[in-house]
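Here is the file work02.txt (compact mmCIF, C-alpha atoms).
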```txt
# COMPACT_ATOMS: atom_id res chain seq x y z
CA MET E 1 -139.33 -154.34 -37.37
CA GLU E 2 -137.99 -157.57 -38.77
CA LYS E 3 -140.24 -159.36 -41.19
CA ASP E 4 -140.22 -162.61 -39.22
CA ARG E 5 -141.24 -160.71 -36.12
CA VAL E 6 -144.17 -159.14 -37.98
CA LYS E 7 -145.24 -162.54 -39.28
CA SER E 8 -145.11 -163.91 -35.77
CA ILE E 9 -147.30 -161.08 -34.44
CA ILE E 10 -149.78 -161.51 -37.27
CA GLU E 11 -149.98 -165.22 -36.54
CA SER E 12 -150.75 -164.60 -32.87
CA ILE E 13 -153.39 -162.00 -33.64
CA LEU E 14 -155.12 -164.12 -36.28
CA PHE E 15 -155.09 -167.16 -34.04
CA ALA E 16 -156.52 -165.37 -31.02
CA TRP E 17 -159.02 -163.26 -32.94
CA GLY E 18 -160.48 -166.14 -34.94
CA ASP E 19 -162.80 -163.93 -36.96
CA PRO E 20 -161.69 -162.27 -40.19
CA ILE E 21 -159.61 -159.18 -39.45
CA LYS E 22 -159.14 -156.17 -41.70
CA VAL E 23 -155.72 -155.32 -43.09
CA SER E 24 -156.23 -151.74 -41.91
CA GLU E 25 -156.87 -153.03 -38.39
CA LEU E 26 -153.70 -155.12 -38.42
CA SER E 27 -151.76 -152.16 -39.74
CA LYS E 28 -152.98 -150.01 -36.85
CA ILE E 29 -152.10 -152.64 -34.26
CA ILE E 30 -148.63 -153.51 -35.57
CA GLU E 31 -147.92 -149.95 -36.68
CA ILE E 32 -146.60 -150.74 -40.10
CA LYS E 33 -147.78 -149.50 -43.45
CA GLU E 34 -150.70 -151.29 -45.09
CA SER E 35 -148.81 -151.78 -48.34
CA GLN E 36 -145.92 -153.40 -46.51
CA LEU E 37 -148.33 -155.53 -44.50
CA ARG E 38 -150.11 -156.70 -47.64
CA ASP E 39 -146.84 -157.98 -49.09
CA ILE E 40 -146.09 -159.87 -45.90
CA LEU E 41 -149.60 -161.35 -45.81
CA ILE E 42 -149.27 -162.57 -49.39
CA GLU E 43 -145.99 -164.22 -48.41
CA MET E 44 -147.65 -165.79 -45.41
CA GLU E 45 -150.43 -167.22 -47.58
CA GLN E 46 -147.69 -169.08 -49.43
CA ASP E 47 -145.99 -170.15 -46.19
CA TYR E 48 -149.09 -172.01 -45.08
CA ILE E 49 -149.56 -173.90 -48.34
CA VAL E 50 -146.71 -176.20 -47.32
CA ALA E 51 -147.93 -179.80 -46.92
CA SER E 52 -146.92 -180.00 -43.27
CA ARG E 53 -149.25 -177.18 -42.21
CA GLY E 54 -152.86 -177.79 -41.23
CA ILE E 55 -153.87 -174.15 -41.23
CA VAL E 56 -154.47 -171.93 -44.23
CA LEU E 57 -154.49 -168.16 -44.39
CA LYS E 58 -157.68 -167.15 -46.15
CA THR E 59 -158.50 -163.75 -47.55
CA PHE E 60 -161.93 -162.30 -48.32
CA GLY E 61 -162.59 -158.73 -49.28
CA ASP E 62 -159.91 -156.89 -47.36
CA THR E 63 -159.77 -159.32 -44.46
CA TYR E 64 -157.64 -162.26 -43.40
CA GLN E 65 -158.54 -165.29 -41.35
CA PHE E 66 -157.07 -168.61 -40.31
CA LYS E 67 -159.01 -171.72 -41.20
CA THR E 68 -158.16 -175.40 -41.04
CA LYS E 69 -157.18 -177.03 -44.31
CA ASP E 70 -160.03 -178.53 -46.29
CA ILE E 71 -158.14 -181.76 -46.94
CA ASN E 72 -158.15 -182.40 -43.20
CA TYR E 73 -161.86 -181.80 -42.86
CA ASP E 74 -162.84 -185.44 -42.41
CA TYR E 75 -160.44 -185.77 -39.50
CA VAL E 76 -161.56 -182.59 -37.80
CA ALA E 77 -165.18 -183.57 -38.41
CA MET E 78 -164.67 -186.67 -36.25
CA LEU E 79 -164.87 -184.30 -33.27
CA PHE E 80 -168.32 -183.01 -34.23
CA LYS E 81 -170.96 -184.59 -32.02
CA THR E 82 -173.70 -184.43 -34.58
CA ASN E 83 -173.92 -182.86 -37.95
CA THR E 84 -174.09 -179.32 -36.72
CA ARG E 85 -173.54 -177.81 -40.11
CA SER E 86 -176.66 -176.39 -41.62
CA ASN E 87 -176.48 -175.56 -45.26
CA LEU E 88 -178.70 -172.96 -46.85
CA SER E 89 -181.96 -174.11 -48.38
CA THR E 90 -182.47 -174.17 -52.12
CA SER E 91 -184.80 -171.17 -51.92
CA ALA E 92 -182.33 -169.24 -49.80
CA LEU E 93 -179.51 -169.94 -52.26
CA GLU E 94 -181.78 -168.93 -55.11
CA ALA E 95 -182.62 -165.56 -53.54
CA LEU E 96 -179.02 -165.08 -52.47
CA SER E 97 -177.64 -165.65 -55.96
CA ILE E 98 -180.10 -163.13 -57.40
CA ILE E 99 -178.98 -160.58 -54.81
CA ALA E 100 -175.30 -161.38 -55.33
CA TYR E 101 -175.40 -160.91 -59.10
CA LYS E 102 -177.87 -158.05 -59.29
CA GLN E 103 -176.97 -156.01 -56.21
CA PRO E 104 -177.99 -153.47 -55.20
CA ILE E 105 -181.49 -154.83 -55.66
CA THR E 106 -184.94 -154.33 -54.13
CA LYS E 107 -187.02 -157.11 -52.61
CA ILE E 108 -189.65 -156.69 -55.32
CA GLU E 109 -187.07 -157.39 -58.03
CA VAL E 110 -186.02 -160.57 -56.21
CA ASP E 111 -189.68 -161.59 -55.91
CA MET E 112 -190.23 -160.97 -59.62
CA ILE E 113 -187.38 -163.20 -60.68
CA ARG E 114 -188.27 -165.97 -58.25
CA GLY E 115 -192.00 -165.68 -58.98
CA VAL E 116 -192.67 -165.90 -55.27
CA LYS E 117 -192.40 -163.64 -52.22
CA SER E 118 -189.02 -163.57 -50.52
CA ASP E 119 -189.71 -161.71 -47.26
CA TYR E 120 -189.01 -164.60 -44.94
CA ILE E 121 -185.95 -165.78 -46.85
CA LEU E 122 -184.54 -162.28 -46.96
CA ARG E 123 -184.87 -162.02 -43.20
CA THR E 124 -183.12 -165.36 -42.75
CA LEU E 125 -180.30 -164.24 -45.01
CA MET E 126 -179.95 -161.03 -43.03
CA ASP E 127 -179.97 -162.95 -39.75
CA LYS E 128 -177.15 -165.08 -41.12
CA ASP E 129 -175.27 -161.89 -42.01
CA LEU E 130 -175.10 -162.86 -45.69
CA VAL E 131 -177.24 -159.96 -46.88
CA GLU E 132 -177.45 -156.37 -45.66
CA THR E 133 -179.49 -153.30 -46.49
CA ARG E 134 -177.79 -150.69 -48.63
CA GLY E 135 -180.11 -147.79 -48.04
CA LYS E 136 -183.17 -146.78 -49.98
CA LEU E 137 -183.83 -146.31 -53.64
CA ASP E 138 -184.77 -142.77 -54.66
CA LYS E 139 -188.00 -143.90 -56.28
CA PRO E 140 -191.65 -143.74 -55.25
CA GLY E 141 -192.16 -145.77 -52.09
CA LYS E 142 -188.45 -145.50 -51.26
CA PRO E 143 -187.86 -149.25 -51.50
CA ILE E 144 -184.99 -150.67 -49.45
CA ILE E 145 -182.11 -152.02 -51.50
CA TYR E 146 -180.08 -155.05 -50.54
CA GLY E 147 -176.57 -156.33 -51.16
CA THR E 148 -174.25 -159.06 -49.94
CA THR E 149 -171.96 -158.73 -46.91
CA SER E 150 -168.28 -159.47 -46.39
CA HIS E 151 -169.39 -162.56 -44.50
CA PHE E 152 -171.04 -163.68 -47.74
CA LEU E 153 -167.60 -163.71 -49.35
CA ALA E 154 -166.11 -165.68 -46.46
CA TYR E 155 -169.02 -168.12 -46.44
CA PHE E 156 -168.60 -169.01 -50.09
CA GLY E 157 -164.81 -168.72 -50.16
CA LEU E 158 -164.77 -165.77 -52.54
CA LYS E 159 -161.89 -163.29 -52.46
CA SER E 160 -164.11 -160.54 -53.74
CA ILE E 161 -167.51 -160.19 -55.35
CA LYS E 162 -165.79 -160.27 -58.74
CA ASP E 163 -164.88 -163.87 -57.96
CA LEU E 164 -168.47 -165.02 -58.50
CA PRO E 165 -168.59 -167.46 -61.39
CA PRO E 166 -169.97 -165.78 -64.53
CA LEU E 167 -173.67 -166.29 -65.21
CA LYS E 168 -174.26 -168.98 -67.82
CA ILE E 169 -176.14 -166.87 -70.30
CA THR E 170 -176.62 -168.44 -73.69
CA PRO E 171 -176.40 -165.98 -76.59
CA ASP E 172 -180.07 -166.13 -77.50
CA SER E 173 -181.46 -166.29 -74.00
CA LEU E 174 -181.60 -162.81 -72.62
CA THR E 175 -181.81 -159.36 -73.97
CA GLY E 176 -181.33 -156.10 -72.20
CA ASP E 177 -179.47 -155.48 -69.01
CA GLN E 178 -177.22 -158.51 -68.90
CA GLU E 179 -174.51 -157.56 -71.38
CA GLY E 180 -172.12 -156.72 -68.56
CA VAL E 181 -171.74 -160.33 -67.53
CA PHE E 182 -172.18 -161.85 -70.94
CA HIS E 183 -170.43 -165.19 -71.34
CA GLY E 184 -171.42 -167.29 -74.31
CA MET V 1 -199.93 -190.26 -57.94
CA GLU V 2 -196.40 -189.94 -59.18
CA TYR V 3 -196.30 -186.35 -57.94
CA ILE V 4 -196.61 -187.25 -54.28
CA VAL V 5 -192.90 -187.54 -53.66
CA GLN V 6 -192.43 -184.04 -54.98
CA ILE V 7 -194.95 -182.34 -52.77
CA ASN V 8 -192.56 -180.34 -50.69
CA LYS V 9 -190.09 -179.77 -53.41
CA PHE V 10 -191.35 -176.61 -55.05
CA TYR V 11 -191.28 -173.25 -53.38
CA GLY V 12 -192.40 -171.19 -56.33
CA PRO V 13 -194.28 -171.57 -59.62
CA PHE V 14 -191.16 -170.96 -61.73
CA GLU V 15 -189.36 -173.71 -59.90
CA LEU V 16 -192.19 -176.12 -60.68
CA LEU V 17 -192.44 -175.01 -64.31
CA VAL V 18 -188.72 -175.34 -64.95
CA TYR V 19 -188.85 -178.79 -63.37
CA LEU V 20 -191.73 -179.83 -65.65
CA ILE V 21 -189.98 -178.47 -68.73
CA GLU V 22 -186.76 -180.27 -67.85
CA THR V 23 -188.34 -183.63 -66.98
CA ASN V 24 -190.47 -183.55 -70.12
CA GLU V 25 -187.34 -182.67 -72.07
CA VAL V 26 -189.12 -180.02 -74.03
CA ASP V 27 -187.63 -176.92 -75.61
CA ILE V 28 -188.00 -173.95 -73.29
CA TYR V 29 -188.43 -171.72 -76.37
CA ASP V 30 -191.27 -173.87 -77.65
CA ILE V 31 -193.15 -175.03 -74.59
CA PRO V 32 -196.08 -177.35 -75.31
CA ILE V 33 -198.39 -175.19 -73.22
CA ALA V 34 -201.35 -177.60 -73.15
CA GLU V 35 -199.28 -180.47 -71.75
CA ILE V 36 -197.32 -178.40 -69.28
CA THR V 37 -200.46 -176.63 -68.05
CA GLU V 38 -202.14 -179.97 -67.49
CA GLN V 39 -199.23 -181.30 -65.47
CA TYR V 40 -198.92 -178.05 -63.58
CA ILE V 41 -202.57 -178.13 -62.54
CA ALA V 42 -202.33 -181.83 -61.72
CA TYR V 43 -199.61 -180.93 -59.23
CA LEU V 44 -201.81 -178.32 -57.60
CA ASP V 45 -204.62 -180.89 -57.43
CA VAL V 46 -202.36 -183.28 -55.57
CA LEU V 47 -201.46 -180.54 -53.12
CA GLN V 48 -205.13 -179.88 -52.56
CA GLU V 49 -205.89 -183.56 -52.13
CA PHE V 50 -203.43 -183.62 -49.27
CA ASP V 51 -204.96 -180.50 -47.82
CA MET V 52 -201.84 -178.46 -48.21
CA ALA V 53 -202.12 -174.76 -48.59
CA ILE V 54 -201.39 -173.61 -52.10
CA ALA V 55 -199.55 -170.33 -52.27
CA SER V 56 -201.39 -167.67 -54.22
CA GLU V 57 -198.43 -167.40 -56.60
CA PHE V 58 -199.10 -170.95 -57.81
CA VAL V 59 -202.74 -170.18 -58.48
CA LEU V 60 -201.85 -167.00 -60.32
CA MET V 61 -199.44 -168.93 -62.52
CA ALA V 62 -202.12 -171.52 -63.26
CA SER V 63 -204.39 -168.80 -64.57
CA THR V 64 -201.55 -167.29 -66.59
CA LEU V 65 -200.92 -170.70 -68.17
CA LEU V 66 -204.59 -171.14 -68.99
CA GLU V 67 -204.70 -167.69 -70.51
CA ILE V 68 -201.70 -168.47 -72.72
CA LYS V 69 -203.24 -171.80 -73.65
CA SER V 70 -206.49 -170.18 -74.78
CA LYS V 71 -204.61 -167.48 -76.72
CA MET V 72 -202.69 -170.22 -78.52
CA LEU V 73 -205.96 -171.82 -79.56
CA LEU V 74 -207.13 -168.69 -81.32
CA PRO V 75 -206.64 -168.74 -85.07
CA ASN V 76 -203.50 -166.83 -85.92
CA GLN V 77 -205.03 -163.93 -87.82
CA GLU V 78 -202.11 -161.57 -87.81
CA LYS V 79 -198.53 -162.48 -87.13
CA GLN V 80 -198.75 -161.48 -83.52
CA GLU V 81 -196.17 -162.05 -80.88
CA ASP V 82 -196.02 -165.45 -79.27
CA PRO V 83 -198.26 -165.42 -76.17
CA ARG V 84 -195.61 -167.52 -74.43
CA GLU V 85 -192.86 -164.97 -74.89
CA GLU V 86 -193.15 -163.12 -71.59
CA LEU V 87 -193.37 -166.31 -69.60
CA VAL V 88 -190.40 -167.80 -71.43
CA ASN V 89 -188.29 -164.74 -70.67
CA GLN V 90 -189.20 -164.94 -67.00
CA LEU V 91 -188.40 -168.63 -66.92
CA LEU V 92 -185.05 -168.07 -68.62
CA GLU V 93 -184.08 -165.41 -66.15
CA TYR V 94 -185.22 -167.58 -63.25
CA ARG V 95 -183.28 -170.55 -64.60
CA LEU V 96 -180.18 -168.41 -64.96
CA TYR V 97 -180.12 -167.60 -61.24
CA ARG V 98 -181.21 -171.11 -60.41
CA MET V 99 -178.07 -172.38 -62.12
CA ALA V 100 -175.99 -169.72 -60.39
CA SER V 101 -177.39 -170.92 -57.06
CA ASP V 102 -176.25 -174.44 -57.90
CA ASP V 103 -172.74 -173.01 -58.28
CA LEU V 104 -173.09 -171.24 -54.95
CA LYS V 105 -174.15 -174.51 -53.35
CA ILE V 106 -170.93 -176.12 -54.55
CA SER V 107 -168.91 -173.18 -53.21
CA GLU V 108 -170.75 -173.42 -49.90
CA GLU V 109 -169.94 -177.13 -49.67
CA LYS V 110 -166.29 -176.56 -50.55
CA GLU V 111 -165.79 -173.66 -48.18
CA SER V 112 -167.49 -175.44 -45.29
CA ARG V 113 -164.58 -177.86 -45.27
CA PHE V 114 -162.38 -175.03 -44.05
CA ILE V 115 -163.09 -174.50 -40.39
CA ALA V 116 -162.52 -171.24 -38.56
CA LYS V 117 -162.37 -170.98 -34.82
CA PRO V 118 -164.47 -168.60 -32.75
CA ALA V 119 -162.75 -165.49 -31.41
CA GLU V 120 -161.25 -165.52 -27.95
CA ASP V 121 -163.11 -163.72 -25.21
CA PHE V 122 -161.03 -160.58 -24.95
CA HIS V 123 -162.66 -159.36 -21.82
CA ILE V 124 -159.97 -157.92 -19.60
CA GLU V 125 -160.82 -156.49 -16.20
CA GLU V 126 -160.64 -152.73 -15.81
CA ASP V 127 -159.05 -152.23 -19.14
CA THR V 128 -159.96 -149.43 -21.45
CA ALA V 129 -159.09 -151.68 -24.39
CA CYS V 130 -162.35 -153.54 -23.92
CA GLU V 131 -164.39 -150.43 -24.56
CA GLN V 132 -164.36 -151.33 -28.21
CA LEU V 133 -166.48 -154.34 -27.41
CA LEU V 134 -169.42 -152.33 -26.16
CA PHE V 135 -172.66 -154.15 -25.77
CA GLU V 136 -175.60 -152.31 -27.13
CA GLU V 137 -179.14 -152.87 -25.96
CA ILE V 138 -178.85 -152.90 -22.23
CA SER V 139 -181.73 -154.55 -20.47
CA ALA V 140 -183.68 -153.07 -17.61
CA TYR V 141 -182.09 -155.69 -15.38
CA ASP V 142 -178.62 -154.32 -16.07
CA LEU V 143 -179.83 -150.90 -15.01
CA LEU V 144 -181.47 -152.31 -11.94
CA TYR V 145 -178.25 -154.06 -11.05
CA ALA V 146 -176.31 -150.82 -11.42
CA LEU V 147 -178.85 -149.02 -9.25
CA LYS V 148 -178.56 -151.69 -6.58
CA ASN V 149 -174.81 -151.25 -6.57
CA VAL V 150 -175.06 -147.52 -6.16
CA LEU V 151 -177.53 -147.85 -3.35
CA LYS V 152 -175.28 -150.38 -1.67
CA ARG V 153 -172.20 -148.25 -2.14
CA SER V 154 -173.53 -145.00 -0.76
CA ARG V 155 -174.18 -144.92 2.95
CA PHE V 156 -177.73 -143.71 2.97
CA GLU V 157 -179.24 -143.18 6.34
CA THR V 158 -181.76 -145.85 7.12
CA GLU V 159 -184.62 -143.46 7.46
CA ASP V 160 -186.82 -145.85 5.54
CA ASN V 161 -189.30 -146.54 8.25
CA ILE V 162 -190.38 -142.96 8.50
CA LEU V 163 -192.89 -141.88 5.91
CA ASP V 164 -191.70 -138.62 4.51
CA LEU V 165 -194.05 -136.63 2.31
CA ALA V 166 -191.67 -133.79 1.68
CA LYS V 167 -191.77 -131.94 -1.63
CA ASP V 168 -189.70 -133.49 -4.39
CA GLU V 169 -186.25 -132.06 -4.18
CA PHE V 170 -185.22 -133.58 -7.43
CA THR V 171 -187.65 -133.86 -10.29
CA ILE V 172 -187.18 -136.17 -13.25
CA ASN V 173 -187.13 -133.15 -15.54
CA ASP V 174 -184.28 -131.60 -13.57
CA CYS V 175 -182.31 -134.81 -13.79
CA MET V 176 -182.97 -135.14 -17.51
CA ASP V 177 -181.63 -131.61 -17.97
CA LEU V 178 -178.63 -132.47 -15.86
CA ILE V 179 -177.85 -135.55 -17.96
CA SER V 180 -178.30 -133.60 -21.19
CA GLU V 181 -175.90 -130.94 -19.92
CA LYS V 182 -173.32 -133.57 -19.03
CA LEU V 183 -173.61 -135.08 -22.49
CA GLU V 184 -173.08 -131.67 -24.07
CA ILE V 185 -169.61 -131.63 -22.54
CA LEU V 186 -168.70 -135.31 -22.51
CA GLN V 187 -169.27 -137.92 -25.17
CA LYS V 188 -169.89 -140.62 -22.66
CA VAL V 189 -170.85 -140.48 -19.02
CA ASN V 190 -170.64 -143.30 -16.54
CA ILE V 191 -174.03 -143.56 -14.83
CA VAL V 192 -172.42 -144.13 -11.47
CA GLU V 193 -170.84 -140.70 -11.84
CA ILE V 194 -174.25 -139.12 -12.19
CA PHE V 195 -175.71 -141.12 -9.34
CA SER V 196 -172.89 -139.95 -7.11
CA LEU V 197 -173.54 -136.23 -7.60
CA HIS V 198 -175.77 -136.08 -4.54
CA ASN V 199 -175.69 -138.45 -1.66
CA SER V 200 -179.43 -138.83 -1.54
CA LYS V 201 -181.61 -141.76 -2.28
CA LYS V 202 -184.26 -139.51 -3.79
CA PHE V 203 -181.75 -138.12 -6.21
CA VAL V 204 -180.61 -141.60 -7.25
CA ILE V 205 -184.20 -142.62 -7.86
CA ALA V 206 -184.93 -139.48 -9.86
CA VAL V 207 -181.82 -140.04 -11.97
CA PHE V 208 -182.73 -143.66 -12.48
CA LEU V 209 -186.21 -142.76 -13.66
CA SER V 210 -184.91 -140.02 -15.91
CA ILE V 211 -182.46 -142.46 -17.54
CA LEU V 212 -185.34 -144.81 -18.22
CA GLU V 213 -187.41 -141.96 -19.58
CA MET V 214 -184.64 -140.62 -21.79
CA SER V 215 -183.86 -144.01 -23.26
CA ARG V 216 -187.56 -144.52 -23.89
CA LEU V 217 -187.61 -141.22 -25.76
CA LYS V 218 -184.45 -142.37 -27.52
CA ASN V 219 -182.57 -139.25 -26.45
CA ILE V 220 -179.76 -141.35 -25.05
CA ARG V 221 -178.16 -144.67 -25.67
CA LEU V 222 -176.94 -146.96 -22.93
CA VAL V 223 -173.82 -148.97 -23.55
CA GLN V 224 -172.05 -151.53 -21.47
CA ASP V 225 -168.70 -153.16 -22.11
CA ARG V 226 -169.52 -156.49 -20.54
CA ILE V 227 -172.18 -158.27 -18.57
CA PHE V 228 -172.51 -156.62 -15.14
CA GLY V 229 -169.97 -154.07 -16.32
CA GLU V 230 -170.32 -150.35 -15.90
CA ILE V 231 -173.04 -148.64 -17.88
CA PHE V 232 -172.36 -145.51 -19.87
CA ILE V 233 -174.75 -142.97 -21.29
CA GLN V 234 -174.22 -141.67 -24.80
CA LYS V 235 -176.17 -139.22 -26.85
CA ALA V 236 -178.43 -141.10 -29.22
```
Written as structure tokens, that's how I'd like the structure from this file.
Amino acid sequence: MEKDRVKSIIESILFAWGDPIKVSELSKIIEIKESQLRDILIEMEQDYIVASRGIVLKTFGDTYQFKTKDINYDYVAMLFKTNTRSNLSTSALEALSIIAYKQPITKIEVDMIRGVKSDYILRTLMDKDLVETRGKLDKPGKPIIYGTTSHFLAYFGLKSIKDLPPLKITPDSLTGDQEGVFHG
Amino acid sequence: MEYIVQINKFYGPFELLVYLIETNEVDIYDIPIAEITEQYIAYLDVLQEFDMAIASEFVLMASTLLEIKSKMLLPNQEKQEDPREELVNQLLEYRLYRMASDDLKISEEKESRFIAKPAEDFHIEEDTACEQLLFEEISAYDLLYALKNVLKRSRFETEDNILDLAKDEFTINDCMDLISEKLEILQKVNIVEIFSLHNSKKFVIAVFLSILEMSRLKNIRLVQDRIFGEIFIQKA
């Protein structure tokens, strides 16, 4: 199939589907190899950067999605009746960042770091599809472990979990298990 | 009274402590425990004055602070470890994620300026393609609706006015066995298919009850591809 034809099909699918769609899913639908598709998608990302386009092709995890360009936000926002956007609360962001950096993690560990119980917040985060359970820890009590979802990536505009900004650890602040993300 | 404006601001003791340390511009590694404890307890007093419930975590922290304070007052006989050390480490770790959450807040704000559109409703009549969009969790009303349709469809004799006390021809157990057998062979069975096996109202009712029973026992799962669509039985 011609490359332009593939691009055209992808555009139609992404427009109609709205939600993020997996590369593997696209590959199945269009019947072309994933590797080939990935190259085309990368090209398309560039295509949409052009100043005359109001849509961008976003990628999170292994998914792609159309979104409107951020620089046009104020214009699009004129259509909103009221401020329907609800940002996460400070506590929710706090718990979420602990989970994001330390996943997989148990609720107790989150509670310990926050110094306060996180049951309600955890449920809210799960309802918002930002956090999911990742099974149980093979320890006494079999505590449930939690991690972030692919929607988490989309919500914060991260391509992958590795895209999280490094923790701002100062050299003399922490000892122990943080060496992995050490940034002076 | 200067604390009043901050009443709803703190959700945990660490949050309050970090705030006090930052506003007092004191070194987190050398916290003036007496001062910070005083301010911390003053905050709790204000909460109490306004009759607001104080979370147990705040009270626990108050006692921890007082304990550290009293330990600090003891003459330093041996070069022991700093009684503040554990608390400082906890505060540092908390502050680390607190700062990370500030970064996330910025990302959230930035990303929210990109707007995605909701997916189209891909519900296409009588198309097998829509089977991928199966609804889980069918309500009793959906089942009732399906039953009504079956009863409407089949031409049962209107014998309703005659009270018939005949022995049950079809028991719920029989029907449950029948459904189980079907599911051994097929992955998914349309409930209408089962209803249509016998043209008898009693049979339909027995099947209906057995479906309810089996889903209560979680032996089967009921799936539906759209509202008022056909209902399928799957093995749970």
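With distances restricted to all atoms listed in the file, V:Glu111 is the closest residue to Phe60 of chain E from V:Tyr141, V:Glu111, V:Ala236, V:Leu212.
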Hey, can you pull every residue with an atom no more than 12 Å from (-175.7, -140.3, -2.6), using only C-alpha atoms, and send it as a PDB file with C-alpha atoms, in the frame of the given file?
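What landed in point36.pdb:
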```pdb
ATOM      1  CA  LEU V 147    -178.850-149.020  -9.250  1.00  0.00           C
ATOM      2  CA  ASN V 149    -174.810-151.250  -6.570  1.00  0.00           C
ATOM      3  CA  VAL V 150    -175.060-147.520  -6.160  1.00  0.00           C
ATOM      4  CA  LEU V 151    -177.530-147.850  -3.350  1.00  0.00           C
ATOM      5  CA  LYS V 152    -175.280-150.380  -1.670  1.00  0.00           C
ATOM      6  CA  ARG V 153    -172.200-148.250  -2.140  1.00  0.00           C
ATOM      7  CA  SER V 154    -173.530-145.000  -0.760  1.00  0.00           C
ATOM      8  CA  ARG V 155    -174.180-144.920   2.950  1.00  0.00           C
ATOM      9  CA  PHE V 156    -177.730-143.710   2.970  1.00  0.00           C
ATOM     10  CA  GLU V 157    -179.240-143.180   6.340  1.00  0.00           C
ATOM     11  CA  VAL V 192    -172.420-144.130 -11.470  1.00  0.00           C
ATOM     12  CA  GLU V 193    -170.840-140.700 -11.840  1.00  0.00           C
ATOM     13  CA  ILE V 194    -174.250-139.120 -12.190  1.00  0.00           C
ATOM     14  CA  PHE V 195    -175.710-141.120  -9.340  1.00  0.00           C
ATOM     15  CA  SER V 196    -172.890-139.950  -7.110  1.00  0.00           C
ATOM     16  CA  LEU V 197    -173.540-136.230  -7.600  1.00  0.00           C
ATOM     17  CA  HIS V 198    -175.770-136.080  -4.540  1.00  0.00           C
ATOM     18  CA  ASN V 199    -175.690-138.450  -1.660  1.00  0.00           C
ATOM     19  CA  SER V 200    -179.430-138.830  -1.540  1.00  0.00           C
ATOM     20  CA  LYS V 201    -181.610-141.760  -2.280  1.00  0.00           C
ATOM     21  CA  LYS V 202    -184.260-139.510  -3.790  1.00  0.00           C
ATOM     22  CA  PHE V 203    -181.750-138.120  -6.210  1.00  0.00           C
ATOM     23  CA  VAL V 204    -180.610-141.600  -7.250  1.00  0.00           C
ATOM     24  CA  ILE V 205    -184.200-142.620  -7.860  1.00  0.00           C
ATOM     25  CA  ALA V 206    -184.930-139.480  -9.860  1.00  0.00           C
ATOM     26  CA  VAL V 207    -181.820-140.040 -11.970  1.00  0.00           C
TER      27      VAL V 207
END
```
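Of the listed residues V:Leu16, V:Ala55, V:Leu91, V:Leu186, the one whose atoms come nearest to Phe232 of chain V is V:Leu186, with distances taken using all atoms listed in the file.
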Check: Can you list, as a PyMOL selection string, every protein, DNA or RNA residue that comes within 9 Å of segment 30-38 of chain E when you count all atoms listed in the file, leaving out same-chain residues fewer than 6 positions away?
Finding: chain E and resi 1+6+9-10+23-24
Item checked: Option closest in space to Glu181 of chain V, from V:Thr37, V:Ser215, V:Gln234, V:Ser139 [counting all atoms listed in the file] ->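 Nearest to Glu181 of chain V: V:Gln234.
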Check: Counting all atoms listed in the file, which residues from chain E have an atom at most 8 Å from any atom of chain V, and could you show them as an NGL selection string?
Finding: :E and (16-19 or 65-71 or 73 or 87 or 90-91 or 93-94 or 96-98 or 113-116 or 155-157 or 165 or 167-169 or 173-174)
Checklist line | For Leu57 of chain E: contacts at 9 Å, all atoms listed in the file, fewer than 2 positions along chain excluded, given as JSON, numbers by chain | finding: {"E": [41, 44, 45, 46, 47, 48, 49, 55, 59, 64, 65, 66, 67, 68]}
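Between atom CA of Met72 of chain V and atom CA of Val59 of chain V the separation is 20.0 Å.
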Next item on the list: Report the distance between atom CA of Glu22 of chain V and atom CA of Leu164 of chain E in Å, rounded to one decimal place.
Entry: 25.6 Å
So for segment 64-70 of chain V, what box centre and size do we get, axis-aligned, 6 Å extra on each of the six sides, every listed atom, Å to one decimal, as JSON?
```
{"center_x": -203.7, "center_y": -169.5, "center_z": -70.7, "size_x": 17.6, "size_y": 16.5, "size_z": 20.2}
```
Next item on the list: Figure out the distance between atom CA of Pro143 of chain E and atom CA of Thr64 of chain V, please, to one decimal in Å.
Entry: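 Value for the atom CA of Thr64 of chain V-atom CA of Pro143 of chain E distance: 27.2 Å.
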Item checked: Exercise: residues within 6 Å of coordinate (-178.0, -141.2, -24.1), counting all atoms listed in the file, as a PyMOL selection string -> chain V and resi 219-222+233-236
Preceding selection exported with C-alpha atoms as a short mmCIF file (atom, residue, chain, number, x, y, z; two decimals), in the frame of the given file:
```cif
data_model
loop_
_atom_site.label_atom_id
_atom_site.label_comp_id
_atom_site.auth_asym_id
_atom_site.auth_seq_id
_atom_site.Cartn_x
_atom_site.Cartn_y
_atom_site.Cartn_z
CA ASN V 219 -182.57 -139.25 -26.45
CA ILE V 220 -179.76 -141.35 -25.05
CA ARG V 221 -178.16 -144.67 -25.67
CA LEU V 222 -176.94 -146.96 -22.93
CA ILE V 233 -174.75 -142.97 -21.29
CA GLN V 234 -174.22 -141.67 -24.80
CA LYS V 235 -176.17 -139.22 -26.85
CA ALA V 236 -178.43 -141.10 -29.22
#
```
